[in-house]
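What follows is the content of query.txt (compact mmCIF, C-alpha atoms).
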```txt
# COMPACT_ATOMS: atom_id res chain seq x y z
CA MET J 1 63.68 -37.04 -78.93
CA LEU J 2 61.42 -40.04 -79.46
CA GLN J 3 58.47 -38.07 -78.09
CA MET J 4 59.13 -35.27 -80.59
CA VAL J 5 59.31 -37.71 -83.52
CA GLY J 6 56.10 -39.34 -82.34
CA LYS J 7 54.28 -35.99 -82.38
CA LYS J 8 55.45 -35.30 -85.93
CA ILE J 9 54.30 -38.72 -87.16
CA SER J 10 50.93 -38.16 -85.48
CA SER J 11 50.52 -34.82 -87.30
CA ALA J 12 51.35 -36.47 -90.62
CA ASN J 13 48.76 -39.19 -89.99
CA LYS J 14 46.10 -36.52 -89.40
CA ALA J 15 46.92 -34.94 -92.76
CA LEU J 16 46.67 -38.34 -94.50
CA LYS J 17 43.27 -39.05 -92.93
CA ALA J 18 41.97 -35.65 -94.04
CA LEU J 19 43.06 -36.31 -97.65
CA ARG J 20 41.52 -39.79 -97.68
CA LYS J 21 38.21 -38.40 -96.46
CA ASN J 22 38.16 -36.06 -99.46
CA GLY J 23 38.54 -39.00 -101.83
CA HIS J 24 42.23 -38.60 -102.66
CA LYS J 25 44.16 -41.78 -103.41
CA ILE J 26 47.51 -41.59 -101.61
CA LYS J 27 50.39 -42.91 -103.73
CA GLN J 28 53.48 -41.87 -101.82
CA VAL J 29 54.47 -40.06 -98.64
CA THR J 30 57.93 -38.58 -98.14
CA VAL J 31 59.09 -37.13 -94.83
CA LYS J 32 61.60 -34.33 -95.31
CA ARG J 33 63.57 -32.18 -92.91
CA GLU J 34 64.86 -28.73 -93.80
CA GLY J 35 67.34 -27.20 -91.40
CA LYS J 36 67.04 -28.30 -87.79
CA HIS J 37 63.47 -27.51 -86.87
CA ARG J 38 61.33 -27.74 -90.01
CA TRP J 39 59.75 -31.04 -91.00
CA TYR J 40 57.48 -31.65 -93.97
CA ALA J 41 55.34 -34.52 -95.19
CA ILE J 42 55.17 -34.46 -99.00
CA ILE J 43 52.03 -36.34 -100.01
CA CYS J 44 51.50 -37.42 -103.63
CA CYS J 45 47.90 -38.06 -104.67
CA GLU J 46 46.44 -39.65 -107.80
CA LEU J 47 43.47 -38.01 -109.46
CA THR J 48 41.95 -40.45 -111.93
CA GLU J 49 38.87 -38.49 -112.96
CA PRO J 50 39.15 -36.14 -115.98
CA ILE J 51 38.88 -32.44 -115.30
CA PHE J 52 36.64 -30.46 -117.66
CA LYS J 53 37.11 -26.73 -117.85
CA PHE J 54 35.86 -24.04 -120.15
CA MET J 55 38.76 -22.19 -121.70
CA ASP J 56 38.07 -18.68 -122.96
CA VAL J 57 40.64 -18.13 -125.70
CA SER J 58 40.12 -14.38 -125.44
CA LYS J 59 41.81 -14.62 -122.03
CA SER J 60 45.23 -15.47 -123.43
CA VAL J 61 48.58 -13.84 -122.78
CA GLY J 62 52.19 -14.07 -123.86
CA ILE J 63 54.83 -13.76 -121.14
CA ASP J 64 58.44 -12.74 -121.61
CA VAL J 65 60.71 -13.40 -118.63
CA GLY J 66 63.92 -11.51 -117.95
CA ILE J 67 66.49 -10.47 -115.39
CA THR J 68 65.79 -6.76 -114.91
CA LYS J 69 62.04 -7.33 -115.15
CA PHE J 70 60.86 -10.72 -113.99
CA VAL J 71 57.93 -10.73 -116.42
CA HIS J 72 56.55 -8.41 -119.07
CA ASP J 73 53.38 -9.70 -120.69
CA SER J 74 51.48 -8.93 -123.88
CA ASP J 75 48.98 -6.79 -121.95
CA ASN J 76 51.88 -4.50 -121.03
CA HIS J 77 51.99 -5.53 -117.38
CA GLU J 78 55.45 -5.75 -115.90
CA VAL J 79 56.89 -7.02 -112.61
CA GLU J 80 60.33 -6.12 -111.36
CA ASN J 81 62.70 -8.96 -110.53
CA PRO J 82 63.48 -8.98 -106.77
CA LEU J 83 66.64 -11.15 -107.13
CA PHE J 84 66.62 -12.30 -103.50
CA LEU J 85 70.04 -13.93 -103.68
CA LYS J 86 71.60 -10.68 -104.88
CA GLN J 87 70.03 -8.80 -101.97
CA MET J 88 71.48 -11.26 -99.45
CA LEU J 89 74.98 -11.61 -100.92
CA ASN J 90 76.73 -9.58 -98.19
CA PRO J 91 75.18 -11.49 -95.25
CA LEU J 92 75.93 -14.77 -97.04
CA ARG J 93 79.55 -13.81 -97.57
CA ARG J 94 79.95 -12.84 -93.91
CA ALA J 95 78.34 -16.07 -92.74
CA SER J 96 80.57 -18.10 -95.07
CA ARG J 97 83.69 -16.38 -93.75
CA HIS J 98 82.64 -17.03 -90.15
CA LEU J 99 82.10 -20.70 -90.96
CA SER J 100 85.49 -21.06 -92.68
CA ARG J 101 87.26 -19.63 -89.61
CA ARG J 102 85.73 -22.11 -87.17
CA GLN J 103 87.26 -25.46 -86.30
CA LYS J 104 85.29 -28.21 -88.00
CA GLY J 105 83.32 -30.29 -85.53
CA SER J 106 83.31 -27.67 -82.76
CA ALA J 107 80.20 -26.09 -81.24
CA ASN J 108 81.03 -22.73 -82.82
CA TYR J 109 81.34 -24.45 -86.21
CA GLU J 110 77.84 -25.92 -85.84
CA LYS J 111 76.43 -22.52 -84.86
CA ALA J 112 78.03 -20.82 -87.89
CA LYS J 113 76.82 -23.63 -90.14
CA SER J 114 73.28 -23.29 -88.78
CA ARG J 115 73.37 -19.52 -89.42
CA LEU J 116 74.40 -20.08 -93.04
CA GLN J 117 71.65 -22.66 -93.51
CA VAL J 118 69.06 -20.24 -92.13
CA LEU J 119 70.11 -17.56 -94.64
CA HIS J 120 69.86 -19.96 -97.58
CA GLU J 121 66.48 -21.19 -96.37
CA ARG J 122 65.23 -17.60 -96.06
CA ILE J 123 66.27 -16.82 -99.64
CA ARG J 124 64.58 -19.98 -100.90
CA ASN J 125 61.35 -19.25 -99.04
CA GLN J 126 61.25 -15.65 -100.29
CA ARG J 127 61.75 -16.79 -103.88
CA LEU J 128 59.10 -19.52 -103.65
CA ASP J 129 56.62 -17.11 -102.06
CA PHE J 130 57.19 -14.58 -104.86
CA LEU J 131 56.86 -17.25 -107.60
CA HIS J 132 53.71 -18.70 -106.08
CA LYS J 133 52.07 -15.27 -105.89
CA GLN J 134 52.94 -14.33 -109.48
CA SER J 135 51.90 -17.72 -110.92
CA THR J 136 48.60 -17.55 -109.00
CA ILE J 137 47.86 -14.07 -110.37
CA TYR J 138 48.39 -15.19 -113.97
CA SER J 139 46.54 -18.50 -113.57
CA LYS J 140 43.47 -16.68 -112.22
CA ARG J 141 43.57 -13.86 -114.75
CA TYR J 142 44.20 -15.89 -117.94
CA ASP J 143 42.99 -19.20 -119.34
CA LEU J 144 45.69 -19.64 -121.98
CA ILE J 145 49.29 -18.72 -121.23
CA PHE J 146 52.16 -18.75 -123.71
CA LEU J 147 55.76 -18.91 -122.49
CA GLU J 148 58.97 -18.73 -124.45
CA LYS J 149 60.76 -22.07 -124.42
CA LEU J 150 64.17 -21.30 -122.95
CA ARG J 151 67.29 -23.42 -122.73
CA VAL J 152 68.26 -22.28 -119.27
CA LEU J 153 71.27 -24.60 -118.90
CA ASN J 154 72.78 -23.23 -122.09
CA MET J 155 72.07 -19.67 -120.95
CA THR J 156 73.91 -20.22 -117.66
CA LYS J 157 77.13 -20.84 -119.58
CA ASN J 158 77.38 -17.05 -119.68
CA HIS J 159 79.14 -16.60 -116.32
CA ARG J 160 78.19 -12.92 -116.09
CA LEU J 161 74.48 -13.73 -116.13
CA ALA J 162 74.39 -17.25 -114.65
CA ARG J 163 73.75 -16.22 -111.04
CA ALA J 164 70.98 -13.78 -111.97
CA ILE J 165 69.32 -16.36 -114.27
CA LEU J 166 69.27 -19.04 -111.59
CA ASP J 167 68.19 -16.52 -108.96
CA SER J 168 65.16 -15.56 -111.09
CA GLY J 169 63.60 -19.04 -110.97
CA TRP J 170 62.15 -19.08 -114.50
CA VAL J 171 61.87 -22.89 -114.62
CA THR J 172 60.07 -23.05 -111.27
CA PHE J 173 57.72 -20.28 -112.37
CA GLY J 174 56.83 -22.22 -115.53
CA SER J 175 56.27 -25.43 -113.55
CA MET J 176 53.92 -23.65 -111.15
CA LEU J 177 51.91 -22.20 -114.03
CA LYS J 178 51.55 -25.64 -115.61
CA TYR J 179 49.72 -27.12 -112.65
CA LYS J 180 47.78 -23.98 -111.72
CA ALA J 181 46.57 -22.60 -115.06
CA LYS J 182 44.09 -24.19 -117.44
CA LYS J 183 46.50 -24.32 -120.37
CA VAL J 184 50.18 -23.39 -120.63
CA MET J 185 52.12 -23.73 -123.87
CA GLU J 186 55.83 -23.23 -124.39
CA VAL J 187 56.60 -21.60 -127.72
CA TYR J 188 60.00 -22.11 -129.29
CA SER J 189 60.30 -18.72 -130.88
CA PRO J 190 63.81 -17.36 -131.51
CA ASN J 191 64.41 -13.66 -132.10
CA THR J 192 61.35 -12.53 -130.16
CA SER J 193 63.19 -9.36 -129.13
CA ILE J 194 64.56 -8.76 -132.62
CA ASP J 195 61.46 -9.29 -134.79
CA CYS J 196 58.97 -6.45 -134.93
CA SER J 197 55.62 -7.55 -133.50
CA HIS J 198 53.78 -5.27 -135.96
CA CYS J 199 55.41 -5.92 -139.32
CA GLY J 200 57.89 -8.74 -138.70
CA HIS J 201 60.92 -6.68 -139.74
CA LYS J 202 64.15 -7.66 -137.96
CA VAL J 203 65.66 -4.94 -135.80
CA GLN J 204 69.06 -6.01 -134.54
CA LYS J 205 69.87 -4.77 -131.04
CA SER J 206 72.17 -5.64 -128.15
CA LEU J 207 71.01 -6.52 -124.62
CA ALA J 208 71.79 -2.98 -123.52
CA VAL J 209 69.15 -1.52 -125.88
CA ARG J 210 65.82 -1.63 -124.03
CA ILE J 211 63.63 0.15 -126.62
CA HIS J 212 62.42 -1.46 -129.85
CA ARG J 213 62.44 1.01 -132.77
CA CYS J 214 61.36 -0.36 -136.14
CA ASP J 215 62.64 1.55 -139.16
CA ASN J 216 60.14 -0.23 -141.40
CA CYS J 217 56.79 0.57 -139.74
CA GLY J 218 57.89 3.13 -137.12
CA LEU J 219 56.80 1.07 -134.12
CA VAL J 220 58.42 2.24 -130.88
CA LEU J 221 57.81 0.31 -127.65
CA ASP J 222 59.57 -1.49 -124.83
CA ARG J 223 61.84 -4.32 -125.94
CA ASP J 224 60.28 -6.86 -123.55
CA TYR J 225 56.74 -5.79 -124.47
CA ASN J 226 57.58 -6.41 -128.13
CA ALA J 227 58.92 -9.88 -127.23
CA ALA J 228 55.77 -10.73 -125.26
CA LEU J 229 53.57 -9.74 -128.22
CA ASN J 230 55.63 -11.97 -130.51
CA ILE J 231 55.28 -14.90 -128.09
CA LEU J 232 51.51 -14.42 -127.99
CA GLN J 233 51.16 -14.17 -131.78
CA ARG J 234 53.32 -17.23 -132.44
CA GLY J 235 51.55 -19.25 -129.77
CA ILE J 236 48.13 -18.47 -131.24
CA LYS J 237 49.46 -19.32 -134.68
CA ALA J 238 50.88 -22.64 -133.45
CA LEU J 239 47.48 -23.61 -131.98
CA LYS J 240 45.76 -22.42 -135.18
CA LEU J 241 43.50 -20.03 -133.29
CA PRO J 242 41.92 -16.85 -134.72
CA MET J 243 44.05 -13.77 -134.20
CA GLU J 244 40.98 -11.71 -133.25
CA ARG J 245 40.76 -13.19 -129.78
CA ARG J 246 37.92 -10.91 -128.64
CA GLU J 247 35.44 -12.64 -130.96
CA VAL J 248 36.30 -16.17 -129.89
CA THR J 249 33.67 -18.01 -127.86
CA PRO J 250 34.65 -20.17 -124.90
CA VAL J 251 35.45 -23.81 -125.65
CA GLU J 252 35.39 -26.85 -123.43
CA PHE J 253 38.85 -27.91 -122.39
CA GLU J 254 39.57 -31.37 -121.00
CA ARG J 255 42.63 -32.27 -119.01
CA THR J 256 43.36 -35.55 -117.24
CA ARG J 257 45.71 -35.41 -114.31
CA LYS J 258 46.97 -38.65 -112.85
CA GLN J 259 49.41 -37.18 -110.42
CA GLU J 260 50.00 -33.48 -110.45
CA SER J 261 48.89 -32.76 -106.90
CA ILE J 262 51.66 -32.57 -104.36
CA GLU J 263 50.52 -31.30 -101.03
CA ALA J 264 53.05 -30.31 -98.43
CA HIS J 265 52.07 -30.28 -94.82
CA ASP J 266 54.25 -28.52 -92.29
CA PHE J 267 54.18 -30.37 -89.01
CA SER J 268 57.22 -28.73 -87.47
CA HIS J 269 55.26 -27.70 -84.38
CA GLY J 270 53.92 -31.19 -83.69
```
Spit out the file's structure as structure tokens when you get a sec.
Amino acid sequence: MLQMVGKKISSANKALKALRKNGHKIKQVTVKREGKHRWYAIICCELTEPIFKFMDVSKSVGIDVGITKFVHDSDNHEVENPLFLKQMLNPLRRASRHLSRRQKGSANYEKAKSRLQVLHERIRNQRLDFLHKQSTIYSKRYDLIFLEKLRVLNMTKNHRLARAILDSGWVTFGSMLKYKAKKVMEVYSPNTSIDCSHCGHKVQKSLAVRIHRCDNCGLVLDRDYNAALNILQRGIKALKLPMERREVTPVEFERTRKQESIEAHDFSHG
């Protein structure tokens, strides 16, 4: 046991030396274990130098998140929501029943508990992998990203939608975009699905209605696409940017990051 711990500490020291050679100032190191066999060293670094980047305002997008579709943006790109927890509900229920039938403290109890932990860890890893991939795609494709500011805790009070909302990982997705993209702005914009993105006329509709049909201007398009266009327009208006984004020249964008770099190093194999 002591030999195994020594190998893990040695691997963590190698990661720290590599970061110091690159000029990173180490502020904090946290050793974390997940499950029985996975160990991580979470290393927090301080970056004191300002980061200058050119931000092309023409590369801006509004993103509407949802349950059926994870995202639908203002360029009419959509991504289906995988809902990993929903897919694994039956195995989780079986594993929970097996655990409840075992005598607490017995070897069979520990085996059933380990099985349940593995399932939860698999769901978490699948969700994080999906969120990292989507946030990386948007951060590379766009310089300026507008998100709708959501009150997720208030939304989870609806018990019919709470599990799906938490399973989607909207907050984690927004956090990943904030440290990957050049500029991310949350827009508090109520009624994005109700207001017409073309004329501003209010079109009342329930959650079951997925098509936006404006009686005033005749606009017909997907409900989430309409919401994403509203988020983009209101975000540009809040920043006082020209609406004709194609004619905007790139501007220099400065951002100072003291500590936004958290590097995780897996040293489970010693």
Coordinates-based distance that separates CA of Met176 (chain J) from CA of Arg127 (chain J) (Å, one decimal):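 Computing the Euclidean distance for CA of Arg127 (chain J) and CA of Met176 (chain J) yields 12.7 Å.
Picture a line from CA of Ile42 (chain J) to CA of Asn13 (chain J); it runs 12.0 Å.
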Selection as a list in words: residues within 10 Å of (53.4, -2.5, -139.1), counting only C-alpha atoms: Cys196, Ser197, His198, Cys199, Gly200, His201, Cys214, Asn216, Cys217, Gly218 and Leu219 of chain J
Residue with smallest distance to Ile165 (chain J) - pool J:Gly235, J:Ala227, J:Val152, J:Leu144, counting all atoms listed in the file: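 Using all atoms listed in the file, Ile165 (chain J) sits closest to J:Val152.
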Scan for residues within 6 Å of the point (59.4, -11.5, -111.6) in the coordinates of the file, using all atoms listed in the file, and reply as a PDB file with C-alpha atoms, in the frame of the given file.
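Output contents, as saved in result-v4.pdb:
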```pdb
ATOM      1  CA  PHE J  70      60.860 -10.720-113.990  1.00  0.00           C
ATOM      2  CA  VAL J  71      57.930 -10.730-116.420  1.00  0.00           C
ATOM      3  CA  VAL J  79      56.890  -7.020-112.610  1.00  0.00           C
ATOM      4  CA  GLU J  80      60.330  -6.120-111.360  1.00  0.00           C
ATOM      5  CA  ASN J  81      62.700  -8.960-110.530  1.00  0.00           C
TER       6      ASN J  81
END
```
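The gap separating CA of Ser74 (chain J) from CA of Arg210 (chain J) is 16.1 Å, in Å to one decimal.
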